[in-house]
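Structure file my_file_4.txt (compact mmCIF, C-alpha atoms) follows.
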```txt
# COMPACT_ATOMS: atom_id res chain seq x y z
CA GLY W 1 111.54 58.08 109.30
CA ALA W 2 108.11 56.52 108.90
CA GLY W 3 106.13 57.54 105.88
CA VAL W 4 102.40 57.83 105.33
CA SER W 5 100.66 54.57 106.14
CA GLN W 6 97.23 53.40 105.05
CA SER W 7 95.05 50.51 106.07
CA PRO W 8 93.80 48.18 104.92
CA SER W 9 95.97 47.71 101.84
CA ASN W 10 93.14 45.86 100.13
CA LYS W 11 89.42 45.85 100.81
CA VAL W 12 86.80 43.79 99.03
CA THR W 13 83.21 44.57 99.88
CA GLU W 14 79.74 43.94 98.59
CA LYS W 15 77.65 46.61 96.94
CA GLY W 16 75.63 48.50 99.53
CA LYS W 17 78.03 47.97 102.43
CA ASP W 18 79.86 50.77 104.22
CA VAL W 19 83.66 50.89 104.31
CA GLU W 20 86.22 52.84 106.33
CA LEU W 21 89.70 53.59 105.07
CA ARG W 22 92.39 54.83 107.42
CA CYS W 23 95.36 57.11 106.92
CA ASP W 24 98.24 57.79 109.31
CA PRO W 25 100.17 60.83 108.09
CA ILE W 26 103.82 61.59 108.66
CA SER W 27 104.31 62.81 112.22
CA GLY W 28 104.15 66.58 112.41
CA HIS W 29 102.45 67.06 109.06
CA THR W 30 99.50 69.39 109.51
CA ALA W 31 97.97 69.00 106.05
CA LEU W 32 96.35 65.77 104.85
CA TYR W 33 94.78 64.93 101.51
CA TRP W 34 92.70 62.13 100.05
CA TYR W 35 92.84 61.28 96.35
CA ARG W 36 91.22 58.55 94.29
CA GLN W 37 92.89 56.71 91.43
CA SER W 38 90.68 54.72 89.12
CA LEU W 39 92.17 52.03 86.91
CA GLY W 40 94.52 53.56 84.35
CA GLN W 41 93.59 57.08 85.39
CA GLY W 42 95.28 59.97 87.09
CA LEU W 43 94.69 60.97 90.65
CA GLU W 44 91.45 62.74 91.49
CA PHE W 45 91.35 65.07 94.52
CA LEU W 46 88.73 64.27 97.14
CA ILE W 47 89.31 66.34 100.29
CA TYR W 48 91.98 68.39 102.08
CA PHE W 49 92.44 68.77 105.84
CA GLN W 50 94.36 71.48 107.63
CA GLY W 51 94.54 70.27 111.20
CA ASN W 52 91.15 68.78 111.97
CA SER W 53 89.15 71.02 109.67
CA ALA W 54 88.51 70.54 105.97
CA PRO W 55 88.76 73.81 104.02
CA ASP W 56 88.24 72.00 100.72
CA LYS W 57 85.78 69.13 100.30
CA SER W 58 85.09 69.95 96.67
CA GLY W 59 86.25 66.61 95.31
CA LEU W 60 83.94 64.34 97.30
CA PRO W 61 81.81 62.73 94.56
CA SER W 62 78.58 62.37 96.54
CA ASP W 63 77.12 62.57 100.01
CA ARG W 64 77.97 58.89 100.46
CA PHE W 65 81.56 59.99 100.95
CA SER W 66 82.74 61.62 104.16
CA ALA W 67 86.01 62.05 105.97
CA GLU W 68 87.20 63.15 109.34
CA ARG W 69 90.47 63.81 111.04
CA THR W 70 91.04 63.69 114.75
CA GLY W 71 93.85 65.01 116.91
CA GLY W 72 95.43 66.58 113.86
CA SER W 73 96.70 63.15 112.89
CA VAL W 74 94.79 60.07 111.76
CA SER W 75 92.10 60.46 109.12
CA THR W 76 89.27 58.14 108.13
CA LEU W 77 87.51 58.17 104.77
CA THR W 78 84.08 56.57 104.94
CA ILE W 79 82.06 55.44 101.96
CA GLN W 80 78.47 54.53 102.69
CA ARG W 81 76.31 52.23 100.57
CA THR W 82 79.22 51.42 98.26
CA GLN W 83 78.64 51.17 94.53
CA GLN W 84 80.72 49.36 91.91
CA GLU W 85 81.92 52.69 90.52
CA ASP W 86 83.58 53.34 93.89
CA SER W 87 86.14 50.65 93.07
CA ALA W 88 89.52 52.39 92.91
CA VAL W 89 92.75 52.93 94.80
CA TYR W 90 92.31 55.52 97.53
CA LEU W 91 95.50 57.42 98.25
CA CYS W 92 96.32 59.59 101.21
CA ALA W 93 99.04 62.23 101.28
CA SER W 94 100.38 64.56 103.94
CA SER W 95 102.51 67.67 103.95
CA PHE W 96 104.00 70.18 106.33
CA GLN W 97 102.57 73.66 106.22
CA SER W 98 104.49 76.73 107.23
CA GLY W 99 103.00 80.16 106.94
CA GLU W 100 100.81 80.38 103.87
CA ALA W 101 102.59 77.74 101.83
CA THR W 102 102.49 73.98 102.00
CA ASP W 103 105.38 71.75 101.28
CA THR W 104 105.70 68.58 99.23
CA GLN W 105 102.85 66.09 99.42
CA TYR W 106 104.06 62.62 100.43
CA PHE W 107 101.81 59.74 99.46
CA GLY W 108 100.95 56.52 101.20
CA PRO W 109 100.76 53.17 99.39
CA GLY W 110 96.98 53.39 98.99
CA THR W 111 94.01 51.19 99.74
CA ARG W 112 92.66 49.19 96.82
CA LEU W 113 88.88 49.04 97.17
CA THR W 114 86.91 46.51 95.16
CA VAL W 115 83.12 46.63 95.28
CA LEU W 116 81.48 43.44 94.03
CA GLY K 1 89.22 74.90 87.81
CA GLU K 2 92.65 73.75 86.79
CA ASN K 3 93.03 71.19 84.00
CA VAL K 4 96.27 69.34 83.29
CA GLU K 5 96.90 67.42 80.09
CA GLN K 6 99.81 64.97 79.77
CA HIS K 7 101.41 63.39 76.71
CA PRO K 8 102.25 60.78 75.65
CA SER K 9 100.21 58.20 77.51
CA THR K 10 102.82 55.52 76.79
CA LEU K 11 106.48 55.84 75.92
CA SER K 12 109.11 53.23 75.15
CA VAL K 13 112.77 54.12 74.87
CA GLN K 14 115.99 52.16 74.54
CA GLU K 15 118.11 51.98 77.65
CA GLY K 16 120.56 54.85 77.64
CA ASP K 17 118.38 57.11 75.50
CA SER K 18 116.44 60.12 76.77
CA ALA K 19 112.75 60.33 77.59
CA VAL K 20 110.59 63.47 77.51
CA ILE K 21 107.09 63.80 78.93
CA LYS K 22 105.06 66.97 78.40
CA CYS K 23 102.22 68.58 80.32
CA THR K 24 100.08 71.64 79.79
CA TYR K 25 97.97 73.42 82.37
CA SER K 26 95.06 75.80 82.05
CA ASP K 27 95.18 78.12 85.08
CA SER K 28 97.87 80.77 84.68
CA ALA K 29 97.76 81.32 88.46
CA SER K 30 99.18 77.85 89.16
CA ASN K 31 102.62 78.22 90.66
CA TYR K 32 103.88 74.80 91.70
CA PHE K 33 104.49 71.82 89.40
CA PRO K 34 105.63 68.47 90.83
CA TRP K 35 106.38 65.23 89.01
CA TYR K 36 105.63 61.88 90.61
CA LYS K 37 106.80 58.38 89.77
CA GLN K 38 104.50 55.49 90.57
CA GLU K 39 105.67 51.90 90.55
CA LEU K 40 103.25 49.00 90.48
CA GLY K 41 101.38 48.60 93.74
CA LYS K 42 102.92 51.66 95.33
CA GLY K 43 101.91 55.23 95.99
CA PRO K 44 103.29 58.08 93.88
CA GLN K 45 106.75 59.29 94.87
CA LEU K 46 107.94 62.82 94.21
CA ILE K 47 110.96 62.87 91.90
CA ILE K 48 111.31 66.57 91.13
CA ASP K 49 109.31 69.77 91.36
CA ILE K 50 109.52 73.31 90.07
CA ARG K 51 108.01 76.59 91.19
CA SER K 52 106.86 79.31 88.87
CA ASN K 53 109.74 81.64 89.67
CA VAL K 54 112.28 79.42 87.86
CA GLY K 55 112.43 78.05 84.34
CA GLU K 56 114.49 74.90 84.81
CA LYS K 57 115.61 72.57 87.55
CA LYS K 58 117.95 69.59 87.39
CA ASP K 59 118.67 66.69 89.70
CA GLN K 60 121.23 64.26 88.30
CA ARG K 61 119.58 62.53 85.31
CA ILE K 62 116.24 64.28 85.78
CA ALA K 63 115.30 67.79 84.73
CA VAL K 64 112.10 69.79 84.52
CA THR K 65 111.49 72.85 82.38
CA LEU K 66 108.66 75.35 82.74
CA ASN K 67 107.31 77.78 80.17
CA LYS K 68 104.83 80.02 81.99
CA THR K 69 103.86 81.94 78.88
CA ALA K 70 102.85 78.80 77.04
CA LYS K 71 101.61 77.14 80.23
CA HIS K 72 103.53 73.94 79.74
CA PHE K 73 106.19 72.01 81.59
CA SER K 74 108.23 68.96 80.71
CA LEU K 75 110.12 66.14 82.39
CA HIS K 76 113.41 65.06 80.87
CA ILE K 77 115.14 61.84 81.88
CA THR K 78 118.59 61.25 80.40
CA GLU K 79 120.63 58.05 80.24
CA THR K 80 117.55 56.00 81.02
CA GLN K 81 117.90 52.81 83.04
CA PRO K 82 115.56 49.82 83.49
CA GLU K 83 114.59 51.06 86.96
CA ASP K 84 113.15 54.19 85.35
CA SER K 85 110.27 52.05 84.03
CA ALA K 86 107.14 53.25 85.84
CA VAL K 87 104.13 55.52 85.43
CA TYR K 88 104.94 59.21 85.68
CA PHE K 89 102.40 61.87 86.65
CA CYS K 90 102.68 65.62 86.35
CA ALA K 91 100.62 67.91 88.54
CA ALA K 92 99.86 71.57 89.08
CA ARG K 93 98.84 73.47 92.17
CA LEU K 94 97.38 76.89 92.80
CA SER K 95 99.05 77.58 96.09
CA ASN K 96 96.74 79.89 97.94
CA PHE K 97 96.14 79.25 101.58
CA GLY K 98 93.29 76.76 101.92
CA ASN K 99 93.48 75.73 98.27
CA GLU K 100 96.29 73.23 98.19
CA LYS K 101 95.01 70.40 96.05
CA LEU K 102 97.12 68.97 93.27
CA THR K 103 95.53 68.54 89.85
CA PHE K 104 97.15 65.59 88.10
CA GLY K 105 97.68 64.64 84.50
CA THR K 106 96.52 61.20 83.39
CA GLY K 107 99.98 59.67 83.52
CA THR K 108 102.65 58.33 81.15
CA ARG K 109 103.67 54.70 81.26
CA LEU K 110 107.41 54.70 80.54
CA THR K 111 109.05 51.45 79.47
CA ILE K 112 112.82 51.21 79.19
CA ILE K 113 113.88 48.55 76.71
CA PRO K 114 117.12 46.81 77.76
```

Please render this file's structure as C-alpha cells.
Amino acid sequence: GAGVSQSPSNKVTEKGKDVELRCDPISGHTALYWYRQSLGQGLEFLIYFQGNSAPDKSGLPSDRFSAERTGGSVSTLTIQRTQQEDSAVYLCASSFQSGEATDTQYFGPGTRLTVL
Amino acid sequence: GENVEQHPSTLSVQEGDSAVIKCTYSDSASNYFPWYKQELGKGPQLIIDIRSNVGEKKDQRIAVTLNKTAKHFSLHITETQPEDSAVYFCAARLSNFGNEKLTFGTGTRLTIIP
C-alpha cells in the first residue's frame, strides 16, 4: 500500500520567508510525528500528534515553528521567518495506535529545506 | 530526558564479514528499541526492533541484542552484502501513552567493501 508521503521533496527559500511542509500519513494511522535531521546528524523529535491534537510539542525549537493536523490525516509544519540554521531534512512518520501502545513508526522520504 | 549514544560513527567491513553497531541509552524506563536503515535521499526504514521483555531477536542476517541491566543494545549483520551499505540509526522509546517520541542515536555509516 501507499506509504507516508511528503511534499515538497526539496524547498529552497530566502532567509526571513515562511515555509509550509506537508505530510500525508499512511491511511488509518492515528499517530503522526515530525522529526528534523541536520546534515550528518541523527533525527531530532519535533512534535507528535494523536488524532488532531498534539500531546507532545516539546521538540519544537522556537515559536517560529508550528504544526497542525486536520481530519486526523494530513499535517502541515510551518516555519515562520526562516533562518539559515533551519536548513535540514524534515521527516514525517506515522504509526497505528491501539490501546495504550503505538506501533512501528514508518517514515516518509523527507523534505530537504535550504534557507539561503 | 532520554539520551542515546551510538558507536562507531563509521564502519567498513569486507563483504561477507559481520558488522556490529552498539548503542547505549540513559533512561531505564525505555522499553522499545528499533533500528532504522537510511539510504541516500530516502527516509529511514525499520529493519528490526526489540522490546524490553526479550533479550535477542533475529531476522535472517540481522539480529539485535538487548542488555537491560547495562542499558545497551546492539545490531548484528552477518554475511554482509554491498546492499547493506547505508546509515544505520538506533533509537529508544519510553512507551507511555502520550509520550511516544523516538530518541535517536547519531548514526553509523556502514560501508561494505566488495

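Non-sequential neighbours of Asp86 in chain W (distance at most 12 Å, separation of 6 or more positions within a chain, only C-alpha atoms) are Lys11, Val12, Thr13, Glu14, Lys15, Gly16, Lys17, Asp18, Val19, Arg36, Gln37, Ser38, Leu39, Leu60, Pro61, Ser62, Arg64, Phe65, Thr78, Ile79, Gln80, Arg112, Leu113, Thr114, Val115 and Leu116 of chain W.
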
| message | Give me, as a ChimeraX atom specification, the residues of chain W touching chain K, with the criterion being at most 9 Å (counting all atoms listed in the file). | response | /W:33,40-50,54-56,91-92,99-102,104-110

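Put simply, CA of Gln97 in chain W is 14.5 Å away from CA of Arg93 in chain K.
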
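Straight-line separation from CA of Thr82 in chain W to CA of Leu32 in chain W: 23.3 Å.
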
Axis-aligned box for range 73-81 of chain K, 4 Å per side, centre and edges in Å as JSON:
```
{"center_x": 113.4, "center_y": 62.4, "center_z": 81.6, "size_x": 22.4, "size_y": 27.2, "size_z": 10.8}
```

| task | Within 10 Å of Thr80 in chain K, counting all atoms listed in the file, which residues show up once you throw out same-chain ones fewer than 6 positions away? Write them as an MDAnalysis selection string, please. | result | chainID K and resid 13:19 61:62 111:114

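Interatomic distance, CA of Arg51 in chain K to CA of Ala29 in chain K: 11.6 Å.
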
| message | Please list as a VMD selection string every residue within 10 Å of Gly51 in chain W, counting all atoms listed in the file and excluding residues in the same chain fewer than 6 positions away. | response | chain W and resid 29 to 32 69 to 73
